[in-house]
Amino acid sequence: MFPKRFKHKDVQEKWIQYWKNNNTFQFELQRKGALFTIDTPPPFVSGTLHLGHVLNHSWIDFVARYHKMKGNNVYFPQGFDCHGLPVELAVEKNYGISKDNREQFLEKCVEWVEDNIRNMRSQFDDLAYSTDWNYTYRTMDDSYKYKVQKSLLFFYKRGWLYREKFPTHFCVNCETSVAKAEVGYQEEEGKLWYIKLPIAGHEEETVTIATTRPEMMESCVGVFVHPNDDRYYHLSAAEIKLPIAERIVRIRADKDVDMNFGTGVVYCCTYGDELDIRWKMKYDLDEIQLFTTDGRLNENSKYQGLTIEDAREKIVQDLKKMGLLERIETHEHSIIVHSERSSCRKPIEYLPVYQWFINIKDFTKEIIEAGESMEWYPEKHKQRLIDWAEGLDWNWVISRQRVFGTPIPFWYCEDCGEIIPANEDDLPLDPVQNDPPLKKCPHCKSEKTLPEKDVCDCWIDSSITPLAISKWLEDEEFFEKTYMKARVHRPQGYEIIRTWLFYTLFRCKKLTGKAPFAETMINGMVAGPDSRKMSKSFGNIVSPDEVMPEFGADAIRQWAAMGSLGDDYPFEYTWINIHTKQPISNEKIQKEKSQLPKDKFEKKYRRRYEQLTAASRFNTKVWNAYRFLFINSDKINISKIDYDSGELTSIETFFFSEFNQVVEKVSNYFNNYNWHEAFMLLRSFFWNELCDNYIEAIKYRFYSENEESQRLALAHALNLFYQMLKILSIIIPFISEEIHSIIFKKFTKLDSIYKIKWPEPYPQLDSNKVREGELAIKIIKNLRSLKSEHGIPLNQEIEKVVLISPNHKDDFTKEIIEDIKNTIRINQLQIEDKGDKTLISNSNVFKEKIEEINVIIYFFA
């Protein structure tokens, strides 16, 4: 039975359960075929996949299915990134538990993560994601922590991991240090305060500085001018008496001063920016730490306890009272923010605190070499890695002031700071809960050892994913086959090239001696219809759960396939009025959202998804085409759909030849992960050529009284459409699986289309038949157009058609004449090599010339 309509919900539920019950996607290490490992990105366990995940993981599934069909033994595990500040914030909010209650807090973090993973796994299944869940991993599991901690000890023993007090990027909103790769710049309108600083010993004289950070006055340790700035040549050895702080600091000349900023005089504070850090080191200046880790002024300030913003306001008031505030200007400037977390994006401070670092600056050349050894799809994104590596001027800060994360496996001496590493046999462990391996400091013999309370940066976890999935330190044979000897594929977004890819290349090469990846496939980010990144603040977010019930996974996967490699990709929709069906501007929608209650808004407006609607239409076309073949083939006994090229008609031979060209082109596109061009070609060929031309030209034979002609026509059509279904199954697996089970399973004897091999080109096709079939199809297409243009129903018989063909008369075999006559329903088809004046004089004749084959059609209505 072949239902009239494709009901995606029922079909999805059926096949998801079938695949699970039958272990369809099971990986076997010993299976034949070259090993192809996919190091999939572990999504953060937010609880739901977003459209960026759908795009990324649809592409990854295309990779897995394609390589599987090409004969590779595809190892396709999927893990989850469990640690991170968002988990802690969610637990504090949802359970009301403080992280100070460490044990209970960690239990709730694990509980929250496990709940979210269950939901996300279900969403992956809904997407027809062909991973083997037996090989999943979670970065919070002990087995994963063991590998992470073992790698840290490896780095420590070689002197690449160290603990040091150094000004690091610190988010006072999240109360944790962050790596340079986790920060970015954003433009905003601020203020520029012009402040007069008295010259020491000549307090009646002042020099004016311009600053965006007046609240840092008390941490000023020097004032700088440019050595070539003639305005201040006389001040190059003078001293300044700082207001508020009431300290004396020296004026120095340095070429890094921007003479065009403000007055050309700047003050160096510890620490306002990276230039302040360089000057502090270069001139051995004092260090005055002013801010606490929660963004308040500390005991070194007269404004202790105030927030940074409040202190800024108060100090400006005091300077004004002292007559030292010259003027204030509006100022557009870039500020450094915690950009990795879209929910934060608060300014970053540079706080000198003890942190753990990995030396990465000394190995950037090796990272670039590892990147150069890979194949990049697309190639243009390789430059992002190179630029980041060449511009790196900070070592990697790997410690985070959080609780839920991989513990850093060290203790340190409270008296001398000596590091005490954990014993490898004790891993994994938490220094907060475990005793150190030594009772006394090996350096000073003190018994005052402190556990490291900080946890690892999440990129420390995720930068060993290729090793975790290949069972490094766990199963030597598995590791050798799935990492050392396998072709390892890394799919990811371009926005994390400087983090996930950069750190993985570095860490895995150091730990194994082998660069981890043979190739990388880069996707862009999903944007709203306004081409801006999807964001709650822009009101353009669409959840997969909003569209999956209406359109189904196959439609969404089609949308994903239409994205261009390496580029951002909009998810398009239009707001419409439910009652009038008219489109509504985004500005009006935002206004209505703010004014109407949610229930009333949803009754009045909804989104119309043009891309998914088009995808659904294609699904319907696919369904109807195969249903049409099923209905006709069900009437006769077809025991096999194999073919003999000698039995093919000219029209069949032509379309088999066209399919060969499509397979070759699609293979090339798929080899380069160019899903967009591949699917554009597949869709057009299936719809316009196979359905509109091939089936139309042969379907008269489905009703022929000649049973052999009927059987062969259906068998050949089923064969060609089966080869096409194989390719389509990569993009639209649910509908393909259902069609295979209804029509083709009895021929293939396979329980799933997933187990089918990539189609091979049809061999030994007669080139003369190809040429004849192409001629016939061009004639048929033009005759159908003529009937349509003149309002003649396609099923209405035409009395007579004369074809004038000076070049092709001999190519019109009896077979293709019959095909043309029966397809167009022509009573009399006459082929001539030259025209006759009596044809033109007939008032009921229509004339059409097919330029490309030099054929004139005289069409008698």
# chains A, B, ... in the order shown; residues from 1 in each chain; ligands from 1
>>> closest_atom_pairs(of="region 304-339 of chain A", to="region 289-298 of chain A", cutoff="10 Å", atoms="only C-alpha atoms", output="JSON lines")
{"residue": "A:Gln304", "atom": "CA", "partner": "A:Leu297", "partner_atom": "CA", "distance": 4.7}
{"residue": "A:Gly305", "atom": "CA", "partner": "A:Leu297", "partner_atom": "CA", "distance": 5.4}
{"residue": "A:Leu306", "atom": "CA", "partner": "A:Arg296", "partner_atom": "CA", "distance": 5.4}
{"residue": "A:Thr307", "atom": "CA", "partner": "A:Arg296", "partner_atom": "CA", "distance": 4.2}
{"residue": "A:Ile308", "atom": "CA", "partner": "A:Arg296", "partner_atom": "CA", "distance": 5.5}
{"residue": "A:Glu309", "atom": "CA", "partner": "A:Arg296", "partner_atom": "CA", "distance": 8.8}
{"residue": "A:Asp310", "atom": "CA", "partner": "A:Arg296", "partner_atom": "CA", "distance": 9.0}
{"residue": "A:Ala311", "atom": "CA", "partner": "A:Leu297", "partner_atom": "CA", "distance": 7.5}
>>> write_last_selection(atoms="all heavy atoms", output="mmCIF file, in the first residue's frame")
data_model
loop_
_atom_site.group_PDB
_atom_site.id
_atom_site.type_symbol
_atom_site.label_atom_id
_atom_site.label_comp_id
_atom_site.auth_asym_id
_atom_site.auth_seq_id
_atom_site.Cartn_x
_atom_site.Cartn_y
_atom_site.Cartn_z
ATOM 1 N N GLN A 304 35.951 52.510 47.972
ATOM 2 C CA GLN A 304 35.793 51.078 48.229
ATOM 3 C C GLN A 304 34.317 50.697 48.382
ATOM 4 O O GLN A 304 33.558 51.365 49.081
ATOM 5 C CB GLN A 304 36.559 50.673 49.502
ATOM 6 C CG GLN A 304 36.494 49.179 49.800
ATOM 7 C CD GLN A 304 37.307 48.788 51.027
ATOM 8 O OE1 GLN A 304 37.910 49.638 51.669
ATOM 9 N NE2 GLN A 304 37.329 47.503 51.362
ATOM 10 N N GLY A 305 33.940 49.621 47.712
ATOM 11 C CA GLY A 305 32.573 49.107 47.809
ATOM 12 C C GLY A 305 31.662 49.550 46.695
ATOM 13 O O GLY A 305 30.643 48.902 46.420
ATOM 14 N N LEU A 306 32.001 50.676 46.028
ATOM 15 C CA LEU A 306 31.165 51.135 44.916
ATOM 16 C C LEU A 306 31.401 50.258 43.685
ATOM 17 O O LEU A 306 32.491 49.730 43.478
ATOM 18 C CB LEU A 306 31.478 52.594 44.566
ATOM 19 C CG LEU A 306 31.134 53.674 45.599
ATOM 20 C CD1 LEU A 306 31.485 55.049 45.043
ATOM 21 C CD2 LEU A 306 29.664 53.620 45.978
ATOM 22 N N THR A 307 30.370 50.133 42.866
ATOM 23 C CA THR A 307 30.565 49.451 41.586
ATOM 24 C C THR A 307 31.430 50.329 40.690
ATOM 25 O O THR A 307 31.592 51.536 40.940
ATOM 26 C CB THR A 307 29.226 49.188 40.878
ATOM 27 O OG1 THR A 307 28.626 50.449 40.542
ATOM 28 C CG2 THR A 307 28.284 48.378 41.757
ATOM 29 N N ILE A 308 31.980 49.736 39.653
ATOM 30 C CA ILE A 308 32.824 50.503 38.741
ATOM 31 C C ILE A 308 32.059 51.682 38.159
ATOM 32 O O ILE A 308 32.587 52.802 38.070
ATOM 33 C CB ILE A 308 33.361 49.572 37.619
ATOM 34 C CG1 ILE A 308 34.336 48.547 38.211
ATOM 35 C CG2 ILE A 308 34.042 50.374 36.518
ATOM 36 C CD1 ILE A 308 34.783 47.478 37.241
ATOM 37 N N GLU A 309 30.814 51.457 37.770
ATOM 38 C CA GLU A 309 30.007 52.529 37.175
ATOM 39 C C GLU A 309 29.729 53.645 38.188
ATOM 40 O O GLU A 309 29.819 54.837 37.861
ATOM 41 C CB GLU A 309 28.682 51.966 36.646
ATOM 42 C CG GLU A 309 28.814 51.025 35.459
ATOM 43 C CD GLU A 309 29.267 49.631 35.866
ATOM 44 O OE1 GLU A 309 29.278 49.337 37.081
ATOM 45 O OE2 GLU A 309 29.625 48.846 34.976
ATOM 46 N N ASP A 310 29.399 53.247 39.419
ATOM 47 C CA ASP A 310 29.116 54.264 40.447
ATOM 48 C C ASP A 310 30.383 55.037 40.818
ATOM 49 O O ASP A 310 30.339 56.259 41.059
ATOM 50 C CB ASP A 310 28.526 53.605 41.705
ATOM 51 C CG ASP A 310 27.119 53.084 41.477
ATOM 52 O OD1 ASP A 310 26.496 53.506 40.480
ATOM 53 O OD2 ASP A 310 26.644 52.258 42.278
ATOM 54 N N ALA A 311 31.504 54.341 40.878
ATOM 55 C CA ALA A 311 32.766 55.001 41.203
ATOM 56 C C ALA A 311 33.133 56.012 40.117
ATOM 57 O O ALA A 311 33.653 57.100 40.414
ATOM 58 C CB ALA A 311 33.872 53.960 41.352
#
>>> closest_atom_pairs(of="region 779-847 of chain A", to="region 756-768 of chain A", cutoff="12 Å", atoms="only C-alpha atoms", output="Markdown table")
| residue | atom | partner | partner_atom | distance |
| --- | --- | --- | --- | --- |
| A:Asp810 | CA | A:Asn768 | CA | 11.8 |
| A:Asp811 | CA | A:Asn768 | CA | 8.9 |
| A:Phe812 | CA | A:Asn768 | CA | 11.5 |
| A:Thr813 | CA | A:Asn768 | CA | 11.1 |
>>> write_last_selection(atoms="C-alpha atoms", output="short mmCIF file (atom, residue, chain, number, x, y, z; two decimals), in the first residue's frame")
data_model
loop_
_atom_site.label_atom_id
_atom_site.label_comp_id
_atom_site.auth_asym_id
_atom_site.auth_seq_id
_atom_site.Cartn_x
_atom_site.Cartn_y
_atom_site.Cartn_z
CA ASP A 810 17.13 9.60 -40.88
CA ASP A 811 17.34 9.82 -37.05
CA PHE A 812 13.58 9.55 -36.73
CA THR A 813 13.39 5.84 -36.19
#
>>> closest_residue(among="A:Glu164, A:Glu114, A:Asp229, A:Glu182", to="Thr499 (chain A)", atoms="only C-alpha atoms")
A:Glu182
>>> closest_residue(among="A:Lys745, A:Lys821, A:Arg711, A:His8", to="Ile777 (chain A)", atoms="only C-alpha atoms")
A:Lys821
>>> atom_distance(atom1="CA of Gly184 (chain A)", atom2="CA of Trp396 (chain A)")
15.7 Å
>>> select_by_dssp(residues="region 180-221 of chain A", states="strand (DSSP E)", output="PyMOL selection string")
chain A and resi 184-199+202-211+220-221
>>> write_last_selection(atoms="N, CA, C and O atoms", output="compact mmCIF listing (two decimals), in the first residue's frame")
# COMPACT_ATOMS: atom_id res chain seq x y z
N GLY A 184 35.83 39.92 22.54
CA GLY A 184 35.77 40.61 21.26
C GLY A 184 35.48 42.08 21.50
O GLY A 184 35.28 42.52 22.63
N TYR A 185 35.46 42.82 20.43
CA TYR A 185 35.24 44.27 20.54
C TYR A 185 33.86 44.63 20.01
O TYR A 185 33.39 44.06 19.03
N GLN A 186 33.25 45.60 20.66
CA GLN A 186 31.99 46.12 20.14
C GLN A 186 32.01 47.65 20.23
O GLN A 186 32.55 48.23 21.17
N GLU A 187 31.44 48.25 19.21
CA GLU A 187 31.39 49.71 19.15
C GLU A 187 30.26 50.22 20.04
O GLU A 187 29.17 49.66 20.06
N GLU A 188 30.56 51.27 20.77
CA GLU A 188 29.48 51.90 21.54
C GLU A 188 29.81 53.37 21.76
O GLU A 188 30.97 53.80 21.69
N GLU A 189 28.77 54.14 22.03
CA GLU A 189 28.96 55.56 22.29
C GLU A 189 29.23 55.77 23.77
O GLU A 189 28.47 55.33 24.63
N GLY A 190 30.35 56.39 24.07
CA GLY A 190 30.71 56.66 25.46
C GLY A 190 31.08 58.11 25.63
O GLY A 190 30.64 58.98 24.87
N LYS A 191 31.91 58.37 26.63
CA LYS A 191 32.33 59.74 26.91
C LYS A 191 33.84 59.79 27.03
O LYS A 191 34.49 58.81 27.39
N LEU A 192 34.38 60.96 26.70
CA LEU A 192 35.80 61.22 26.85
C LEU A 192 35.94 62.38 27.82
O LEU A 192 35.48 63.50 27.56
N TRP A 193 36.54 62.07 28.97
CA TRP A 193 36.70 63.08 30.02
C TRP A 193 38.09 63.70 29.89
O TRP A 193 39.10 62.99 29.84
N TYR A 194 38.15 65.03 29.83
CA TYR A 194 39.42 65.77 29.78
C TYR A 194 39.72 66.24 31.20
O TYR A 194 38.98 67.06 31.78
N ILE A 195 40.81 65.71 31.77
CA ILE A 195 41.14 65.94 33.18
C ILE A 195 42.50 66.64 33.28
O ILE A 195 43.47 66.22 32.65
N LYS A 196 42.55 67.69 34.07
CA LYS A 196 43.79 68.44 34.28
C LYS A 196 44.58 67.81 35.42
O LYS A 196 44.06 67.62 36.52
N LEU A 197 45.85 67.49 35.16
CA LEU A 197 46.73 66.90 36.16
C LEU A 197 47.81 67.90 36.55
O LEU A 197 48.57 68.36 35.69
N PRO A 198 47.90 68.26 37.84
CA PRO A 198 48.91 69.24 38.28
C PRO A 198 50.33 68.70 38.13
O PRO A 198 50.58 67.52 38.41
N ILE A 199 51.26 69.56 37.72
CA ILE A 199 52.66 69.18 37.63
C ILE A 199 53.29 69.33 39.01
O ILE A 199 53.18 70.37 39.66
N HIS A 202 54.97 72.41 40.71
CA HIS A 202 54.40 73.58 40.00
C HIS A 202 52.90 73.36 39.85
O HIS A 202 52.38 73.31 38.74
N GLU A 203 52.24 73.19 41.01
CA GLU A 203 50.84 72.76 40.99
C GLU A 203 49.92 73.72 40.24
O GLU A 203 48.81 73.36 39.84
N GLU A 204 50.41 75.00 40.07
CA GLU A 204 49.57 75.94 39.31
C GLU A 204 49.56 75.60 37.83
O GLU A 204 48.67 76.03 37.08
N GLU A 205 50.55 74.80 37.39
CA GLU A 205 50.59 74.34 35.99
C GLU A 205 49.96 72.94 35.92
O GLU A 205 50.16 72.11 36.81
N THR A 206 49.25 72.69 34.84
CA THR A 206 48.64 71.36 34.64
C THR A 206 48.87 70.88 33.22
O THR A 206 49.18 71.68 32.32
N VAL A 207 48.75 69.59 33.08
CA VAL A 207 48.73 68.98 31.75
C VAL A 207 47.42 68.20 31.66
O VAL A 207 47.01 67.54 32.61
N THR A 208 46.77 68.29 30.51
CA THR A 208 45.44 67.69 30.37
C THR A 208 45.53 66.33 29.66
O THR A 208 46.16 66.22 28.60
N ILE A 209 44.92 65.36 30.26
CA ILE A 209 44.78 64.05 29.60
C ILE A 209 43.33 63.87 29.19
O ILE A 209 42.42 64.50 29.75
N ALA A 210 43.10 62.99 28.22
CA ALA A 210 41.75 62.58 27.83
C ALA A 210 41.62 61.09 28.10
O ALA A 210 42.48 60.32 27.68
N THR A 211 40.57 60.68 28.81
CA THR A 211 40.42 59.27 29.16
C THR A 211 38.96 58.84 29.11
O THR A 211 38.06 59.65 29.37
N CYS A 220 46.74 54.80 38.55
CA CYS A 220 47.69 55.36 37.60
C CYS A 220 49.12 55.21 38.15
O CYS A 220 49.41 55.54 39.30
N VAL A 221 50.00 54.69 37.28
CA VAL A 221 51.40 54.51 37.69
C VAL A 221 52.36 55.24 36.74
O VAL A 221 53.59 55.11 36.88
>>> residues_around(residues="Phe744 (chain A)", least_positions_apart="6", cutoff="12 Å", atoms="only C-alpha atoms", output="list of chain:residue names")
A:Tyr626, A:Leu629, A:Phe630, A:Ser633, A:Ile638, A:Ser639, A:Lys640, A:Ile641, A:Asp642, A:Ala715, A:Leu718, A:Asn719, A:Leu720, A:Phe721, A:Tyr722, A:Gln723, A:Leu725, A:Lys726, A:Ser736, A:Glu737, A:Glu738, A:Leu750, A:Asp751, A:Ser752, A:Ile753, A:Ile756
>>> write_last_selection(atoms="N, CA, C and O atoms", output="mmCIF file, in the first residue's frame")
data_model
loop_
_atom_site.group_PDB
_atom_site.id
_atom_site.type_symbol
_atom_site.label_atom_id
_atom_site.label_comp_id
_atom_site.auth_asym_id
_atom_site.auth_seq_id
_atom_site.Cartn_x
_atom_site.Cartn_y
_atom_site.Cartn_z
ATOM 1 N N TYR A 626 6.867 8.589 -7.082
ATOM 2 C CA TYR A 626 7.075 7.179 -6.751
ATOM 3 C C TYR A 626 5.743 6.464 -6.536
ATOM 4 O O TYR A 626 5.624 5.271 -6.858
ATOM 5 N N LEU A 629 4.520 5.424 -9.945
ATOM 6 C CA LEU A 629 5.198 4.217 -10.413
ATOM 7 C C LEU A 629 4.689 2.976 -9.684
ATOM 8 O O LEU A 629 4.506 1.916 -10.288
ATOM 9 N N PHE A 630 4.462 3.126 -8.385
ATOM 10 C CA PHE A 630 3.978 1.987 -7.588
ATOM 11 C C PHE A 630 2.608 1.526 -8.065
ATOM 12 O O PHE A 630 2.371 0.323 -8.257
ATOM 13 N N SER A 633 3.046 -0.228 -11.411
ATOM 14 C CA SER A 633 3.798 -1.488 -11.352
ATOM 15 C C SER A 633 3.048 -2.543 -10.561
ATOM 16 O O SER A 633 3.280 -3.736 -10.744
ATOM 17 N N ILE A 638 6.245 -7.649 -11.688
ATOM 18 C CA ILE A 638 7.626 -7.282 -11.995
ATOM 19 C C ILE A 638 8.504 -7.945 -10.951
ATOM 20 O O ILE A 638 8.482 -7.592 -9.775
ATOM 21 N N SER A 639 9.255 -8.938 -11.389
ATOM 22 C CA SER A 639 10.056 -9.720 -10.446
ATOM 23 C C SER A 639 11.430 -9.117 -10.210
ATOM 24 O O SER A 639 12.090 -9.413 -9.210
ATOM 25 N N LYS A 640 11.889 -8.301 -11.143
ATOM 26 C CA LYS A 640 13.190 -7.663 -10.974
ATOM 27 C C LYS A 640 13.200 -6.335 -11.721
ATOM 28 O O LYS A 640 12.421 -6.120 -12.648
ATOM 29 N N ILE A 641 14.102 -5.447 -11.283
ATOM 30 C CA ILE A 641 14.206 -4.140 -11.943
ATOM 31 C C ILE A 641 15.598 -3.962 -12.553
ATOM 32 O O ILE A 641 16.024 -2.850 -12.848
ATOM 33 N N ASP A 642 16.331 -5.071 -12.712
ATOM 34 C CA ASP A 642 17.602 -5.005 -13.421
ATOM 35 C C ASP A 642 17.313 -4.643 -14.877
ATOM 36 O O ASP A 642 16.184 -4.765 -15.360
ATOM 37 N N ALA A 715 9.880 -1.444 -15.368
ATOM 38 C CA ALA A 715 11.109 -1.943 -14.734
ATOM 39 C C ALA A 715 12.247 -0.950 -14.907
ATOM 40 O O ALA A 715 12.999 -0.676 -13.958
ATOM 41 N N LEU A 718 11.556 2.137 -12.762
ATOM 42 C CA LEU A 718 11.827 1.830 -11.357
ATOM 43 C C LEU A 718 13.328 1.785 -11.091
ATOM 44 O O LEU A 718 13.801 2.252 -10.045
ATOM 45 N N ASN A 719 14.078 1.236 -12.017
ATOM 46 C CA ASN A 719 15.525 1.167 -11.849
ATOM 47 C C ASN A 719 16.140 2.574 -11.763
ATOM 48 O O ASN A 719 16.928 2.871 -10.870
ATOM 49 N N LEU A 720 15.762 3.425 -12.709
ATOM 50 C CA LEU A 720 16.323 4.773 -12.732
ATOM 51 C C LEU A 720 15.892 5.565 -11.495
ATOM 52 O O LEU A 720 16.709 6.258 -10.871
ATOM 53 N N PHE A 721 14.643 5.445 -11.132
ATOM 54 C CA PHE A 721 14.155 6.186 -9.956
ATOM 55 C C PHE A 721 14.738 5.610 -8.664
ATOM 56 O O PHE A 721 14.899 6.322 -7.682
ATOM 57 N N TYR A 722 15.079 4.338 -8.676
ATOM 58 C CA TYR A 722 15.738 3.743 -7.509
ATOM 59 C C TYR A 722 17.141 4.321 -7.344
ATOM 60 O O TYR A 722 17.564 4.663 -6.232
ATOM 61 N N GLN A 723 17.886 4.439 -8.450
ATOM 62 C CA GLN A 723 19.221 5.048 -8.377
ATOM 63 C C GLN A 723 19.127 6.489 -7.877
ATOM 64 O O GLN A 723 19.960 6.948 -7.100
ATOM 65 N N LEU A 725 16.778 7.647 -5.941
ATOM 66 C CA LEU A 725 16.383 7.623 -4.532
ATOM 67 C C LEU A 725 17.597 7.424 -3.625
ATOM 68 O O LEU A 725 17.653 7.949 -2.511
ATOM 69 N N LYS A 726 18.554 6.636 -4.091
ATOM 70 C CA LYS A 726 19.774 6.432 -3.309
ATOM 71 C C LYS A 726 20.423 7.779 -2.970
ATOM 72 O O LYS A 726 20.820 8.030 -1.833
ATOM 73 N N SER A 736 12.718 8.824 1.816
ATOM 74 C CA SER A 736 13.441 7.836 1.009
ATOM 75 C C SER A 736 13.323 6.448 1.621
ATOM 76 O O SER A 736 13.136 5.453 0.911
ATOM 77 N N GLU A 737 13.468 6.387 2.932
ATOM 78 C CA GLU A 737 13.355 5.101 3.627
ATOM 79 C C GLU A 737 11.956 4.519 3.457
ATOM 80 O O GLU A 737 11.782 3.310 3.218
ATOM 81 N N GLU A 738 10.940 5.354 3.561
ATOM 82 C CA GLU A 738 9.559 4.887 3.428
ATOM 83 C C GLU A 738 9.287 4.376 2.014
ATOM 84 O O GLU A 738 8.683 3.316 1.819
ATOM 85 N N LEU A 750 17.114 -5.666 1.230
ATOM 86 C CA LEU A 750 17.745 -4.930 2.329
ATOM 87 C C LEU A 750 16.669 -4.272 3.175
ATOM 88 O O LEU A 750 15.666 -3.772 2.637
ATOM 89 N N ASP A 751 16.888 -4.259 4.494
ATOM 90 C CA ASP A 751 15.843 -3.733 5.363
ATOM 91 C C ASP A 751 15.900 -2.210 5.504
ATOM 92 O O ASP A 751 15.015 -1.602 6.098
ATOM 93 N N SER A 752 16.953 -1.577 4.957
ATOM 94 C CA SER A 752 17.060 -0.127 5.069
ATOM 95 C C SER A 752 17.838 0.428 3.892
ATOM 96 O O SER A 752 18.829 -0.159 3.445
ATOM 97 N N ILE A 753 17.402 1.570 3.402
ATOM 98 C CA ILE A 753 18.121 2.230 2.308
ATOM 99 C C ILE A 753 19.475 2.723 2.777
ATOM 100 O O ILE A 753 20.382 2.970 1.976
ATOM 101 N N ILE A 756 22.518 0.776 1.467
ATOM 102 C CA ILE A 756 22.713 0.707 0.018
ATOM 103 C C ILE A 756 23.946 1.486 -0.401
ATOM 104 O O ILE A 756 24.305 2.480 0.223
#
>>> closest_atom_pairs(of="region 631-722 of chain A", to="region 66-80 of chain A", cutoff="12 Å", atoms="only C-alpha atoms", output="CSV")
residue,atom,partner,partner_atom,distance
A:Val666,CA,A:Tyr66,CA,10.9
A:Ser667,CA,A:Tyr66,CA,9.3
A:Asn668,CA,A:Tyr66,CA,11.8
A:Tyr669,CA,A:Tyr66,CA,11.3
A:Phe670,CA,A:Tyr66,CA,7.6
A:Asn671,CA,A:Tyr66,CA,8.8
A:Asn672,CA,A:Tyr66,CA,11.5
A:Tyr673,CA,A:Tyr66,CA,9.9
A:Trp675,CA,A:Tyr66,CA,11.1
>>> write_last_selection(atoms="C-alpha atoms", output="PDB file, in the first residue's frame")
ATOM      1  CA  VAL A 666      26.873  15.324  -7.747  1.00  0.00           C
ATOM      2  CA  SER A 667      29.767  13.087  -6.719  1.00  0.00           C
ATOM      3  CA  ASN A 668      32.173  15.946  -7.369  1.00  0.00           C
ATOM      4  CA  TYR A 669      29.997  18.348  -5.388  1.00  0.00           C
ATOM      5  CA  PHE A 670      29.631  15.889  -2.505  1.00  0.00           C
ATOM      6  CA  ASN A 671      33.381  15.173  -2.500  1.00  0.00           C
ATOM      7  CA  ASN A 672      33.879  18.892  -1.894  1.00  0.00           C
ATOM      8  CA  TYR A 673      30.931  19.124   0.545  1.00  0.00           C
ATOM      9  CA  TRP A 675      25.635  20.562  -0.715  1.00  0.00           C
TER      10      TRP A 675
END
>>> residues_around(residues="region 274-279 of chain A", least_positions_apart="2", cutoff="12 Å", atoms="only C-alpha atoms", output="PyMOL selection string")
chain A and resi 166-169+180+216+219-224+252-258+266-272+281-288+336+348-352+393-394
>>> residues_around(residues="Ser373 (chain A)", least_positions_apart="3", cutoff="10 Å", atoms="only C-alpha atoms", output="number ranges by chain")
A: 367-370, 376, 515, 517-519
>>> closest_residue(among="A:Lys20, A:Lys593, A:His381, A:Lys604", to="Ile522 (chain A)", atoms="only C-alpha atoms")
A:His381
>>> residues_around(residues="Thr465 (chain A)", least_positions_apart="6", cutoff="9 Å", atoms="only C-alpha atoms", output="list in words")
Asp39, Thr40, Pro41, Pro42, Gly79 and Thr504 of chain A
>>> write_last_selection(atoms="N, CA, C and O atoms", output="PDB file, in the first residue's frame")
ATOM      1  N   ASP A  39      34.828  13.907  13.760  1.00  0.00           N
ATOM      2  CA  ASP A  39      34.958  14.518  15.089  1.00  0.00           C
ATOM      3  C   ASP A  39      33.881  15.592  15.217  1.00  0.00           C
ATOM      4  O   ASP A  39      34.124  16.775  15.011  1.00  0.00           O
ATOM      5  N   THR A  40      32.686  15.157  15.555  1.00  0.00           N
ATOM      6  CA  THR A  40      31.530  16.063  15.565  1.00  0.00           C
ATOM      7  C   THR A  40      31.625  17.090  16.686  1.00  0.00           C
ATOM      8  O   THR A  40      32.150  16.799  17.757  1.00  0.00           O
ATOM      9  N   PRO A  41      31.140  18.303  16.448  1.00  0.00           N
ATOM     10  CA  PRO A  41      31.143  19.306  17.523  1.00  0.00           C
ATOM     11  C   PRO A  41      30.155  18.922  18.617  1.00  0.00           C
ATOM     12  O   PRO A  41      28.983  18.658  18.320  1.00  0.00           O
ATOM     13  N   PRO A  42      30.614  18.864  19.879  1.00  0.00           N
ATOM     14  CA  PRO A  42      29.681  18.559  20.972  1.00  0.00           C
ATOM     15  C   PRO A  42      28.897  19.810  21.347  1.00  0.00           C
ATOM     16  O   PRO A  42      29.484  20.788  21.821  1.00  0.00           O
ATOM     17  N   GLY A  79      28.990  13.617  20.904  1.00  0.00           N
ATOM     18  CA  GLY A  79      29.105  13.889  22.333  1.00  0.00           C
ATOM     19  C   GLY A  79      28.411  15.169  22.734  1.00  0.00           C
ATOM     20  O   GLY A  79      27.750  15.836  21.920  1.00  0.00           O
ATOM     21  N   THR A 504      42.518  22.400  19.412  1.00  0.00           N
ATOM     22  CA  THR A 504      42.551  20.954  19.136  1.00  0.00           C
ATOM     23  C   THR A 504      43.792  20.581  18.322  1.00  0.00           C
ATOM     24  O   THR A 504      44.446  19.568  18.604  1.00  0.00           O
TER      25      THR A 504
END
>>> select_by_dssp(residues="region 13-252 of chain A", states="alpha helix (DSSP H)", output="ChimeraX atom specification")
/A:13-21,51-69,85-95,102-126,142-157
>>> atom_distance(atom1="CA of Met548 (chain A)", atom2="CA of Ile735 (chain A)")
14.7 Å
